[in-house]
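To start, the structure itself, in structure tokens.
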Amino acid sequence: MKRLNIGVDIDGTLTEPFYWLRRANAYFGTDVREDGIVHYDYHEALGVSRQESDVFYDQLGEMLHWEAQIRPGAQLVINRLFKQHHIHFITARTQSMQQVSLDWFRKYDIPHDSLTLLGNTEKIATAKQLRCDWFIEDRYENAVALAASNIPVLLIDCSYNRKPLPDNVIRINSWSQVEPYIDTTVSMGNWELAL
């Protein structure tokens with residue numbers, strides 16, 4: 001059986017997408033609700049500048065990442081996939097968040113072959129270097145860019161990514177929908193047949 005290389009984003013994909021919202025509302029004195037967030041860049045929903053949101057993240061980022069809840073079913077699916085495939089976490093988190101990320105993985109028993117903290121949202125080069133056969137993502141712009149680079153994407157549904165999708169991006173609603181696409185890719189030997 002072919003071992004696939006599966007790229008996985010962390011924030012909003014492996015974690016619940018709005019784990020930061022309670023603390024952000026308290027910090028900024030806002031009252032934003034989850035359904036009011038229709039842009040990935042959360043500073044827009046909060047009505048603050050990117051610089052202000054960067055300061056917030058610099059001050060509370062480690063705490064936010066440690067407190068993040070995992071999406072339902074993600075731990076089980078990642079553990080099952082890891083037995084047969086390579087799991088590569090590729091995240092926009094900065095290098096300063098490496099230890100809290102690794103600690104969080106241990107907390108939730110998340111196995112992986114590699115963890116790449118990019119410090120930005122440009123994931124294509126790393127995904128190609130790791131020869132990703134699939135990528136699991138929540139950010140719409142990343143999904144479209146990866147797809148344009150011939151890397152098929154499972155886009156986990158969020159209020160901020162509901163836009164038209166190219167053919168090789170598939171919207172899923174939960175982690176329970178991941179394995180059928182991966183399994184079909186392996187059994188057919190061609191990801192296009194899994195679409």
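So you can find residues: chains in the structure tokens are A, B, ... in the order shown, residues in each start at 1, and ligands are numbered from 1 in order.
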(message) Show me, as a PyMOL selection string, the residues that have an atom within 8 Å of A:Asp113 when counting only C-alpha atoms, minus same-chain residues fewer than 6 positions from it.
(response) chain A and resi 86-88
How would the residues just chosen look if you wrote them out with C-alpha atoms as a compact mmCIF listing (two decimals), in the first residue's frame?
```txt
# COMPACT_ATOMS: atom_id res chain seq x y z
CA HIS A 86 3.03 10.34 6.83
CA ILE A 87 1.49 13.27 8.70
CA HIS A 88 3.15 16.67 8.27
```
Using only C-alpha atoms, determine which residues lie at most 8 Å from A:Gln69, disregarding the query and same-chain residues fewer than 6 positions distant; provide the list as an NGL selection string. :A and (15-16 or 19)
Item checked: Nearest to A:Tyr108 by atom-to-atom distance, counting only C-alpha atoms, from A:Phe89, A:Phe82, A:Trp66, A:Phe56 ->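 Result for the nearest residue to A:Tyr108: A:Trp66.
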For A:Thr126, the closest of A:Tyr40, A:Ile78, A:Ala92, A:Thr30 counting only C-alpha atoms is A:Ala92
